[in-house]
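What follows is a single structure, written as structure tokens, with notes after it.
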Amino acid sequence: MAIPREKISHRVRAQEKIGLPPGTLVHIGERKTEKVKITIIDYDPKNYQEKEVEKVEECFPFKDKPTVTWINIDGLQKVGIIEKIGAHFGIHPLVLEDILHTGQRPKAEDLGDYLFIVLRMLYHDEREDVMIGEQVSLLLGPNYVISFQEREGDIFNPVRERIKNSRGRIRKGGADYLAYTLLDAIVDHYFVILEKMGEKIESLEEELVTNPTPETLQTIHILKKELIFLRKSVWPLREVINSLERGESPLITEPTGIYLRDVYDHTIQVIDTIETYRDMVTGMLDIYLSSLSNRMNEVMKVLTIIATIFIPLTFIAGIYGMNFKFMPELEWHWGYPMALIVMLLVVGSMFIYFRRKKWL
Amino acid sequence: MAIPREKISHRVRAQEKIGLPPGTLVHIGERKTEKVKITIIDYDPKNYQEKEVEKVEECFPFKDKPTVTWINIDGLQKVGIIEKIGAHFGIHPLVLEDILHTGQRPKAEDLGDYLFIVLRMLYHDEREDVMIGEQVSLLLGPNYVISFQEREGDIFNPVRERIKNSRGRIRKGGADYLAYTLLDAIVDHYFVILEKMGEKIESLEEELVTNPTPETLQTIHILKKELIFLRKSVWPLREVINSLERGESPLITEPTGIYLRDVYDHTIQVIDTIETYRDMVTGMLDIYLSSLSNRMNEVMKVLTIIATIFIPLTFIAGIYGMNFKFMPELEWHWGYPMALIVMLLVVGSMFIYFRRKKWL
Amino acid sequence: MAIPREKISHRVRAQEKIGLPPGTLVHIGERKTEKVKITIIDYDPKNYQEKEVEKVEECFPFKDKPTVTWINIDGLQKVGIIEKIGAHFGIHPLVLEDILHTGQRPKAEDLGDYLFIVLRMLYHDEREDVMIGEQVSLLLGPNYVISFQEREGDIFNPVRERIKNSRGRIRKGGADYLAYTLLDAIVDHYFVILEKMGEKIESLEEELVTNPTPETLQTIHILKKELIFLRKSVWPLREVINSLERGESPLITEPTGIYLRDVYDHTIQVIDTIETYRDMVTGMLDIYLSSLSNRMNEVMKVLTIIATIFIPLTFIAGIYGMNFKFMPELEWHWGYPMALIVMLLVVGSMFIYFRRKKWL
Amino acid sequence: MAIPREKISHRVRAQEKIGLPPGTLVHIGERKTEKVKITIIDYDPKNYQEKEVEKVEECFPFKDKPTVTWINIDGLQKVGIIEKIGAHFGIHPLVLEDILHTGQRPKAEDLGDYLFIVLRMLYHDEREDVMIGEQVSLLLGPNYVISFQEREGDIFNPVRERIKNSRGRIRKGGADYLAYTLLDAIVDHYFVILEKMGEKIESLEEELVTNPTPETLQTIHILKKELIFLRKSVWPLREVINSLERGESPLITEPTGIYLRDVYDHTIQVIDTIETYRDMVTGMLDIYLSSLSNRMNEVMKVLTIIATIFIPLTFIAGIYGMNFKFMPELEWHWGYPMALIVMLLVVGSMFIYFRRKKWL
Amino acid sequence: MAIPREKISHRVRAQEKIGLPPGTLVHIGERKTEKVKITIIDYDPKNYQEKEVEKVEECFPFKDKPTVTWINIDGLQKVGIIEKIGAHFGIHPLVLEDILHTGQRPKAEDLGDYLFIVLRMLYHDEREDVMIGEQVSLLLGPNYVISFQEREGDIFNPVRERIKNSRGRIRKGGADYLAYTLLDAIVDHYFVILEKMGEKIESLEEELVTNPTPETLQTIHILKKELIFLRKSVWPLREVINSLERGESPLITEPTGIYLRDVYDHTIQVIDTIETYRDMVTGMLDIYLSSLSNRMNEVMKVLTIIATIFIPLTFIAGIYGMNFKFMPELEWHWGYPMALIVMLLVVGSMFIYFRRKKWL
């Protein structure tokens, strides 16, 4: 799991945009898919219709039908499509710009006829062990929801299934309930990301205790950066959903408000967990640093024990290696054993000293 | 005392839930007990009745009796029971979901006919020295309280005793007073957890001063994590009880409001103590780290003293171990004693030097 | 000065309380005095009466007299006394419980007929160099103040003197002015505690610079804990006095409000100073840690200088201590002096090197 | 990229100002350009006129024309020009003072007839790798915008181009839309600065992992200071734009308000990124410090391995270098090989020890 | 620049005050001047009068004159003077107490007939390089300003000059404008203090990079304490001036409100700069600590290089210093040069090793 690349490419393109008038539609962000895929799901409690269309114009008739219509667009690189939708549904140019300019902070804006919601969808790419972030934009009108994704994903699939199979109250709910369902699917997916992180933290903690290496520090650092990134993505969502839930817009009916409160609770839980993880990762850094100190201590002890035992011995040997003519000990018959005994005594006393210091 | 296991198992099951429509009733969380136990306590100032029932339907007649009824359900694994209660008492599906989906953040929701309160009950498992968290959900209606616990516990026993023996004003109070009593019992129990922690901190502090080991650091780290967990459980409760106390719901009468203020005060006290403990544990880490440095200093001093005393001596011995043909000192009669005296002088001056440096 | 013992004993007794109905009167906290002392001071601008009574019932007639009455109770262990006062003056059972359950967070509660104020009185026990905390509870009625202390103290003595001697406007003021005067006396005493701390911090700073020892760290740690404790005692007081000053209760007249604003200013000043001290103590820890590093550096330098000077010398001596048959230098007449000169050159160049490194 | 010099020169001149009455016009700040350049752009949807004037009086007639007029002044050193504009357009002396006194905190003030907006324009001087800050002041009247810059810059060029070429809705917008466009140009440019920083952080992270040097620390420190500076420049802007957007002034029309919300979002995004960078830089410091410890550990290990292997060997050699008359080993025929074998055994056991410690 | 002494002396005297009734006038604080100096400046747009008076009673007639009167009192030790002014101008005893009890937190109080403003004047004593704090109290009535200083200073001199020379609009403004001018003079002087600090920080940064010593740490610590002190003095001022500016008191006219907003902006700027300095000083501590580690690393490297080169060499010399009878190498004709060559090889390989480690 590494920090998503998209941020960098986003940064590089930001410069190209500078100097253009506001509302100029240019797609800023990585081109993540080749083809733009447009799917329409149209339903009421009794009927259900799903189709993939080639031309964006095929969506337009659904605007004025009484049924609930969900138009989903995967891929933002064809600016023309966005422009046409904007023109037909009467979307403000700045909103269209925000849809294309991926890298927005999560926000919800009430533009009278429709609500504009931006948030970040996060998933974990198993193959490369990378956390991937993607901008999802929702336009909620009286009887339609238009969703824009940067690439095809499978997070909305269960929602599609539920509509198709008429499970839950989704077919009876209006467009606002559909928008809630989409929000809920995205927020629910955060828990999967959190789980991955939780597992990483747990394995890191074990690594820290058993065998910390400089790579452990690297991993802690990367985890910390991922949490910073995650927090930046989720933190503003709290305010977004709260503003929706307060039900100031007539587009959101009261029963849906209760469901939004549920999403709000989940968002808070995600934020709580992120904060907890941050605290834990910070604690891990402290442990890592003190394990470094501990290891240094151990190294120093070995050196000190060896040196303090042998340096005096070597000195004694040195004494009797001197070439003075008159050194009575050298002549003694038991001189050599005596010297050895003296050395043994030195070793013994050192040993006792270290024991008392609890170094051995 | 270690971090509760439940969090992990909860996380793992979270994935299973993803994709289901909201309000789908699935029990998420560890299955903590084998049998689901349903007990009914029904009372008014004069009468008292307690029974354990097998079938949940036996609870239903109590809904419309004027007496106060407390239905307590231990064990959440039988979703059917929760569903039936929900249907009979008119509980919103999202509320039922929250009851089953243990791991909720403490919250209170006013749903018109009834209040829904979730909080965490914490106890300390003496055998395994583990802090255990459990979700308790309360439904407070006009004349009933339904409480859901994950397993059988003894925290509510004193409340049962009090109702039975008609101690305090509990038999005269309404359902709201009963709900308050249950909240109070849970919050009071937090103090027991805090005491355990206080004892651990005290013994850790002593350990730190007398004999810090890498295990001490581990313990500090675990304590820190427990405090993070505890804080996460208690912090939102402040807002929960405050919202109840403000008395916006007609279900909570004014006299009970005063009692809730008391619980509120206790919650604040618990939070205060948690913060104090956090500050103390952080301080302990600083002490641990500097005790490491101190020990390193001591090791280094021993090495330095031994080395700086013997290295020059060994050098002198080395000089007179040289085999030059013409070394006048070697021929001197007093050469050897002189060399020894020079060595003694070196040792002496070193000794004085170390004394002045306060290393000895 | 060490952390007050009372907290611990309080904790231990907390458990005994669990399970009792709210409002059950049990004294929780250390029993700090043997005898319960009840004193009554009754005055109006013209008359003054002070007496110590044996039986609590003697206080009761004062309730309905138009004069201002101050009933002071030192010692809380006789629950009966508190109960009788509660019954006669119409005090809510929860308030009585809070009075007995010492260890409350400072708070003010408006109960209609009377105000209930709890705060912590702090003094410094000179003999044991311990900071002592004690709970003081005040009940302010229309024409009476009842104060509860855990033990006899001398902080209220100047107030007694002032009433007796009719100094200041106290005899003209009502019961609210008396309550203000008691609050003021307690808050003023915080400054004495702060002074003690200031002195400790100053002497610690000097110690840090001249001769830091592991004991210095211990002292910093204790100081930090005392500041945490002090902060916990004073911080909520700010809100307490602010709520009194806002004058929502008719029991507090407007002129007294201005005086309370003065106490409020003092509280803010106390909090400011505590925060400043915290910042200073944190800074001291940094200095201590870096002084450890400095000392280590110094030790290492000594070792390095000695070792790097003598190791090469010993090597040279070693060379000429070898027993090869054919070593021309050994035969030279000036071989020995030359070896010595080489050694001197080595020492000289090392010396220059260390000078350049600024180690000498 | 280093910290801008302007702050220092600003500080030095601050003293000169002290004692002058408020509203005295003195230019405080570096003189950044030689000539003061005044350009006028006057336009309505149909007409467009741009000219550079020598005398400030030439601007005056535009005040009462119905067209939108943008007067841009590069260079603040000629106080007379500012004074004349102030007199003709009825600008408050304090506003004029703020324009001249560069180093203002970003702010917006509603002075009835006109709005006064101060903010900081930041660019990156490629040649000297320095981040440069400059104060831009805007006066927004009913049909004019007067902008004051400290020196000529090219950030407003695209805006000029857009007016000239009538791109976007700028020619149709009023003076408020022009002011928004200028704000937008400045805020957009912050992203360029952030990109530069992002690149620096990325290259620093790589440096940290591969080859950290004391210069790395210096760079981290400079980066940190730049972020502090940047934050100080941008943080207040949030409040400024928010206050404009709330549309309390009739000078700002509602459609422009929506555009200002867009600038507001960008500002929040800039602030978010700054905070993220701060977190990342802090994390880098931790890594740097622990890489120092790691390197120390490595150095110590080498020393310890060498010393613990050779010190015992040297001791053995020392033993047999002693000159005792009676040392049987010396006489043995296989004494020398045996000694060597003993030494090899010592080396071997040491080697095994280090392997087990994972030092080799 | 060291921490002001006044705080300590203030602390010591605080105890003397305890027990006195509120409103008792005792001067608490250092006696900073010998003589109390009272000056009166009385003016309207046309007339101007300045005199130094001996007796405080000479001020009284000015109270009811329509002209603006500024009474300035330097020195607070004569309580009688303050008392008489209090009596004549109808000042509340608590206000008088606050004037005398120097060490107040900056605050503004609206007492109906007059405003009471306390703030701290700070200057830098060049001779002793000490930052000096002094309490300035202002009483603003309908047509008078009374200012109390602890000692004579020259910060108000420019204001006097301006009134005398009728510069700026001061002679046309009322008493509120005069009060503003005094506030402005004090706040402007903070910038001088900040400049001094800025210079110190810059020189410290250079010192840190070139030659950090334990004294550098001391200086950082002192700087940090000065910033804490400065912050404590300025932070509350923000709220003070904000409350004045909001213009709730009829004593402050609307035009003066605009000028106060200017002072408010300056205060925010001062606070911003203090925060920036705090961040910078914190960063310096990190650099200092890591420079310590760096230096240790360097010392260790020197030791390690010397030791690892010479220890093996000395061992080789030791081998051939052994006295075994049968050591073939000793007999070889080229034995000695060979030994030297082996040693050279060891040195060479060590050298290559250290190069590869980048230690040389």
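Labels for the structure tokens follow display order: chains A, B, ..., residues from 1 in each chain, ligands from 1.
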For chain A, report every residue with an atom at most 6 Å from chain D (counting only C-alpha atoms), formatted as an NGL selection string. :A and (19 or 21 or 296 or 303 or 306 or 314 or 317 or 320-321 or 330-331)
Serialized selection, all heavy atoms, as a PDB file, in the first residue's frame:
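Result file is selection08.pdb:
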```
ATOM      1  N   GLY A  19      -4.729  30.539 -15.599  1.00  0.00           N
ATOM      2  CA  GLY A  19      -4.887  31.549 -16.611  1.00  0.00           C
ATOM      3  C   GLY A  19      -6.154  31.359 -17.430  1.00  0.00           C
ATOM      4  O   GLY A  19      -6.617  32.271 -18.094  1.00  0.00           O
ATOM      5  N   PRO A  21     -10.174  31.119 -17.991  1.00  0.00           N
ATOM      6  CA  PRO A  21     -11.296  31.703 -17.249  1.00  0.00           C
ATOM      7  C   PRO A  21     -12.017  30.615 -16.458  1.00  0.00           C
ATOM      8  O   PRO A  21     -11.993  29.445 -16.844  1.00  0.00           O
ATOM      9  CB  PRO A  21     -12.196  32.271 -18.345  1.00  0.00           C
ATOM     10  CG  PRO A  21     -11.782  31.598 -19.598  1.00  0.00           C
ATOM     11  CD  PRO A  21     -10.350  31.192 -19.437  1.00  0.00           C
ATOM     12  N   MET A 296      21.391  -0.122  20.927  1.00  0.00           N
ATOM     13  CA  MET A 296      22.673   0.559  21.135  1.00  0.00           C
ATOM     14  C   MET A 296      23.225   0.214  22.512  1.00  0.00           C
ATOM     15  O   MET A 296      24.414  -0.066  22.656  1.00  0.00           O
ATOM     16  CB  MET A 296      22.442   2.072  21.033  1.00  0.00           C
ATOM     17  CG  MET A 296      23.687   2.865  21.229  1.00  0.00           C
ATOM     18  SD  MET A 296      24.543   3.057  19.680  1.00  0.00           S
ATOM     19  CE  MET A 296      23.857   4.636  19.195  1.00  0.00           C
ATOM     20  N   LEU A 303      30.652  -4.438  24.179  1.00  0.00           N
ATOM     21  CA  LEU A 303      31.964  -3.824  24.015  1.00  0.00           C
ATOM     22  C   LEU A 303      32.601  -3.546  25.365  1.00  0.00           C
ATOM     23  O   LEU A 303      33.780  -3.841  25.603  1.00  0.00           O
ATOM     24  CB  LEU A 303      31.811  -2.514  23.229  1.00  0.00           C
ATOM     25  CG  LEU A 303      33.094  -1.707  23.054  1.00  0.00           C
ATOM     26  CD1 LEU A 303      34.124  -2.510  22.292  1.00  0.00           C
ATOM     27  CD2 LEU A 303      32.822  -0.404  22.329  1.00  0.00           C
ATOM     28  N   ILE A 306      33.728  -6.805  27.252  1.00  0.00           N
ATOM     29  CA  ILE A 306      34.947  -7.373  26.664  1.00  0.00           C
ATOM     30  C   ILE A 306      36.148  -6.482  26.974  1.00  0.00           C
ATOM     31  O   ILE A 306      37.204  -6.951  27.441  1.00  0.00           O
ATOM     32  CB  ILE A 306      34.779  -7.509  25.132  1.00  0.00           C
ATOM     33  CG1 ILE A 306      33.682  -8.516  24.795  1.00  0.00           C
ATOM     34  CG2 ILE A 306      36.097  -7.875  24.471  1.00  0.00           C
ATOM     35  CD1 ILE A 306      34.078  -9.948  25.000  1.00  0.00           C
ATOM     36  N   THR A 314      45.593  -7.533  29.621  1.00  0.00           N
ATOM     37  CA  THR A 314      46.641  -7.235  28.654  1.00  0.00           C
ATOM     38  C   THR A 314      47.721  -6.371  29.307  1.00  0.00           C
ATOM     39  O   THR A 314      48.912  -6.512  29.044  1.00  0.00           O
ATOM     40  CB  THR A 314      46.028  -6.532  27.435  1.00  0.00           C
ATOM     41  OG1 THR A 314      44.979  -7.329  26.929  1.00  0.00           O
ATOM     42  CG2 THR A 314      47.066  -6.323  26.353  1.00  0.00           C
ATOM     43  N   ALA A 317      49.913  -8.603  31.336  1.00  0.00           N
ATOM     44  CA  ALA A 317      50.811  -9.319  30.431  1.00  0.00           C
ATOM     45  C   ALA A 317      51.918  -8.388  29.943  1.00  0.00           C
ATOM     46  O   ALA A 317      53.092  -8.768  29.825  1.00  0.00           O
ATOM     47  CB  ALA A 317      50.036  -9.892  29.255  1.00  0.00           C
ATOM     48  N   TYR A 320      54.864  -7.886  32.404  1.00  0.00           N
ATOM     49  CA  TYR A 320      55.879  -8.950  32.448  1.00  0.00           C
ATOM     50  C   TYR A 320      56.489  -9.223  31.079  1.00  0.00           C
ATOM     51  O   TYR A 320      57.289 -10.120  30.909  1.00  0.00           O
ATOM     52  CB  TYR A 320      55.294 -10.222  33.061  1.00  0.00           C
ATOM     53  CG  TYR A 320      54.925  -9.964  34.494  1.00  0.00           C
ATOM     54  CD1 TYR A 320      53.619  -9.925  34.918  1.00  0.00           C
ATOM     55  CD2 TYR A 320      55.942  -9.669  35.421  1.00  0.00           C
ATOM     56  CE1 TYR A 320      53.290  -9.618  36.209  1.00  0.00           C
ATOM     57  CE2 TYR A 320      55.610  -9.353  36.720  1.00  0.00           C
ATOM     58  CZ  TYR A 320      54.298  -9.334  37.117  1.00  0.00           C
ATOM     59  OH  TYR A 320      53.996  -9.010  38.392  1.00  0.00           O
ATOM     60  N   GLY A 321      56.103  -8.390  30.102  1.00  0.00           N
ATOM     61  CA  GLY A 321      56.768  -8.447  28.809  1.00  0.00           C
ATOM     62  C   GLY A 321      57.884  -7.407  28.721  1.00  0.00           C
ATOM     63  O   GLY A 321      58.589  -7.336  27.719  1.00  0.00           O
ATOM     64  N   LEU A 330      60.284 -12.174  37.340  1.00  0.00           N
ATOM     65  CA  LEU A 330      60.560 -13.001  36.168  1.00  0.00           C
ATOM     66  C   LEU A 330      61.408 -14.212  36.526  1.00  0.00           C
ATOM     67  O   LEU A 330      61.331 -15.250  35.874  1.00  0.00           O
ATOM     68  CB  LEU A 330      61.266 -12.173  35.089  1.00  0.00           C
ATOM     69  CG  LEU A 330      60.445 -11.008  34.517  1.00  0.00           C
ATOM     70  CD1 LEU A 330      61.236 -10.282  33.441  1.00  0.00           C
ATOM     71  CD2 LEU A 330      59.124 -11.502  33.940  1.00  0.00           C
ATOM     72  N   GLU A 331      62.182 -14.033  37.583  1.00  0.00           N
ATOM     73  CA  GLU A 331      63.092 -15.109  37.961  1.00  0.00           C
ATOM     74  C   GLU A 331      62.400 -16.166  38.813  1.00  0.00           C
ATOM     75  O   GLU A 331      62.833 -17.308  38.894  1.00  0.00           O
ATOM     76  CB  GLU A 331      64.291 -14.543  38.762  1.00  0.00           C
ATOM     77  CG  GLU A 331      64.908 -13.272  38.164  1.00  0.00           C
ATOM     78  CD  GLU A 331      65.574 -13.523  36.818  1.00  0.00           C
ATOM     79  OE1 GLU A 331      66.128 -14.627  36.647  1.00  0.00           O
ATOM     80  OE2 GLU A 331      65.489 -12.634  35.922  1.00  0.00           O
TER      81      GLU A 331
END
```
Show me, as a tab-separated table (two decimals) with N, CA, C and O atoms, in the first residue's frame, the residues that have an atom within 9 Å of Ala108 in chain B when counting only C-alpha atoms, minus same-chain residues fewer than 4 positions from it.
```
chain	number	residue	atom	x	y	z
B	115	LEU	N	-37.01	6.69	22.67
B	115	LEU	CA	-35.62	7.13	22.57
B	115	LEU	C	-34.76	5.90	22.38
B	115	LEU	O	-35.02	4.84	22.97
B	116	PHE	N	-33.69	6.06	21.58
B	116	PHE	CA	-32.75	4.96	21.36
B	116	PHE	C	-31.39	5.41	21.88
B	116	PHE	O	-30.86	6.43	21.44
B	117	ILE	N	-30.86	4.67	22.84
B	117	ILE	CA	-29.58	5.04	23.43
B	117	ILE	C	-28.62	3.87	23.28
B	117	ILE	O	-28.97	2.74	23.61
B	118	VAL	N	-27.44	4.16	22.73
B	118	VAL	CA	-26.41	3.13	22.64
B	118	VAL	C	-25.23	3.57	23.48
B	118	VAL	O	-24.83	4.74	23.43
B	119	LEU	N	-24.64	2.67	24.24
B	119	LEU	CA	-23.40	3.02	24.92
B	119	LEU	C	-22.59	1.77	25.16
B	119	LEU	O	-23.02	0.66	24.81
B	237	LEU	N	-20.10	9.83	24.97
B	237	LEU	CA	-21.17	9.68	25.96
B	237	LEU	C	-21.55	11.02	26.57
B	237	LEU	O	-22.71	11.25	26.93
B	239	GLU	N	-21.72	13.91	25.16
B	239	GLU	CA	-22.69	14.58	24.31
B	239	GLU	C	-24.05	13.87	24.42
B	239	GLU	O	-25.10	14.50	24.46
B	240	VAL	N	-24.01	12.53	24.48
B	240	VAL	CA	-25.23	11.74	24.55
B	240	VAL	C	-26.06	12.14	25.78
B	240	VAL	O	-27.24	12.47	25.67
B	241	ILE	N	-25.40	12.12	26.94
B	241	ILE	CA	-26.15	12.39	28.17
B	241	ILE	C	-26.58	13.84	28.22
B	241	ILE	O	-27.67	14.17	28.67
B	243	SER	N	-27.45	15.61	25.72
B	243	SER	CA	-28.63	15.79	24.86
B	243	SER	C	-29.88	15.25	25.56
B	243	SER	O	-30.96	15.80	25.41
B	244	LEU	N	-29.71	14.16	26.34
B	244	LEU	CA	-30.86	13.63	27.09
B	244	LEU	C	-31.28	14.60	28.18
B	244	LEU	O	-32.47	14.86	28.38
```
Quick one: DSSP strand (DSSP E) residues in range 114-321 of chain D, as a ChimeraX atom specification? /D:115-125,130-140,144-149
Could you pull the residues within 10 Å of Leu139 in chain C, counting only C-alpha atoms, minus those fewer than 6 positions along the same chain, as an NGL selection string? :C and (70-71 or 89 or 91 or 95 or 99 or 108-109 or 114-118 or 145-148 or 179)
Excluding range 60-68 of chain D and any residue of its chain fewer than 3 positions from it, enumerate the residues within 6 Å of it, using only C-alpha atoms, and give them as a VMD selection string. chain D and resid 42 to 44 57 143 to 144 175
Enumerate as a PyMOL selection string all residues of range 293-336 of chain C assigned to alpha helix (DSSP H) by DSSP on the backbone, naming them with the chain letters and numbers the document uses. chain C and resi 293-319+328-331+335-336
Find the residues near Gly90 in chain E: any atom within 10 Å, counting only C-alpha atoms, skip ones fewer than 5 places away on the same chain, and give them as a PDB file with all heavy atoms, in the first residue's frame.
```
ATOM      1  N   LYS E  84      -7.973  59.485  45.953  1.00  0.00           N
ATOM      2  CA  LYS E  84      -8.643  60.773  45.736  1.00  0.00           C
ATOM      3  C   LYS E  84      -9.224  60.848  44.332  1.00  0.00           C
ATOM      4  O   LYS E  84     -10.346  61.312  44.131  1.00  0.00           O
ATOM      5  CB  LYS E  84      -7.646  61.919  45.955  1.00  0.00           C
ATOM      6  CG  LYS E  84      -7.369  62.184  47.432  1.00  0.00           C
ATOM      7  CD  LYS E  84      -6.321  63.258  47.596  1.00  0.00           C
ATOM      8  CE  LYS E  84      -5.829  63.331  49.045  1.00  0.00           C
ATOM      9  NZ  LYS E  84      -4.544  64.058  49.117  1.00  0.00           N
ATOM     10  N   ILE E  85      -8.448  60.414  43.352  1.00  0.00           N
ATOM     11  CA  ILE E  85      -8.970  60.411  41.982  1.00  0.00           C
ATOM     12  C   ILE E  85     -10.212  59.533  41.917  1.00  0.00           C
ATOM     13  O   ILE E  85     -11.240  59.924  41.338  1.00  0.00           O
ATOM     14  CB  ILE E  85      -7.885  59.909  40.998  1.00  0.00           C
ATOM     15  CG1 ILE E  85      -6.811  60.978  40.849  1.00  0.00           C
ATOM     16  CG2 ILE E  85      -8.502  59.561  39.657  1.00  0.00           C
ATOM     17  CD1 ILE E  85      -5.676  60.572  39.952  1.00  0.00           C
ATOM     18  N   ASP E 113     -20.355  54.764  33.278  1.00  0.00           N
ATOM     19  CA  ASP E 113     -19.883  56.143  33.110  1.00  0.00           C
ATOM     20  C   ASP E 113     -18.506  56.207  32.465  1.00  0.00           C
ATOM     21  O   ASP E 113     -18.114  57.245  31.943  1.00  0.00           O
ATOM     22  CB  ASP E 113     -19.804  56.833  34.483  1.00  0.00           C
ATOM     23  CG  ASP E 113     -21.190  57.000  35.073  1.00  0.00           C
ATOM     24  OD1 ASP E 113     -22.149  56.973  34.294  1.00  0.00           O
ATOM     25  OD2 ASP E 113     -21.294  57.143  36.302  1.00  0.00           O
ATOM     26  N   TYR E 114     -17.787  55.145  32.612  1.00  0.00           N
ATOM     27  CA  TYR E 114     -16.412  55.179  32.097  1.00  0.00           C
ATOM     28  C   TYR E 114     -15.997  53.761  31.707  1.00  0.00           C
ATOM     29  O   TYR E 114     -16.617  52.784  32.125  1.00  0.00           O
ATOM     30  CB  TYR E 114     -15.451  55.754  33.146  1.00  0.00           C
ATOM     31  CG  TYR E 114     -15.469  54.976  34.435  1.00  0.00           C
ATOM     32  CD1 TYR E 114     -14.530  53.965  34.662  1.00  0.00           C
ATOM     33  CD2 TYR E 114     -16.429  55.213  35.407  1.00  0.00           C
ATOM     34  CE1 TYR E 114     -14.562  53.220  35.829  1.00  0.00           C
ATOM     35  CE2 TYR E 114     -16.475  54.480  36.571  1.00  0.00           C
ATOM     36  CZ  TYR E 114     -15.535  53.485  36.780  1.00  0.00           C
ATOM     37  OH  TYR E 114     -15.572  52.744  37.916  1.00  0.00           O
TER      38      TYR E 114
END
```
Env of Ile271 in chain C: 8 Å cut, atoms = only C-alpha atoms, seq-sep filter 5 positions within chain, self excluded. Answer as JSON, numbers by chain. {"C": [231, 234, 235]}
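Neighbouring residues of Lys200 in chain D at 12 Å or closer, counting only C-alpha atoms and skipping chain neighbours under 2 positions away, are Met1, Asp129, Ile193, Leu194, Glu195, Lys196, Met197, Gly198, Glu202, Ser203, Leu204, Glu205, Glu206, Glu207, Leu208, Thr216, Thr219, Ile220, Ile222, Leu223, Lys224, Glu226, Tyr277, Met280 and Val281 of chain D.
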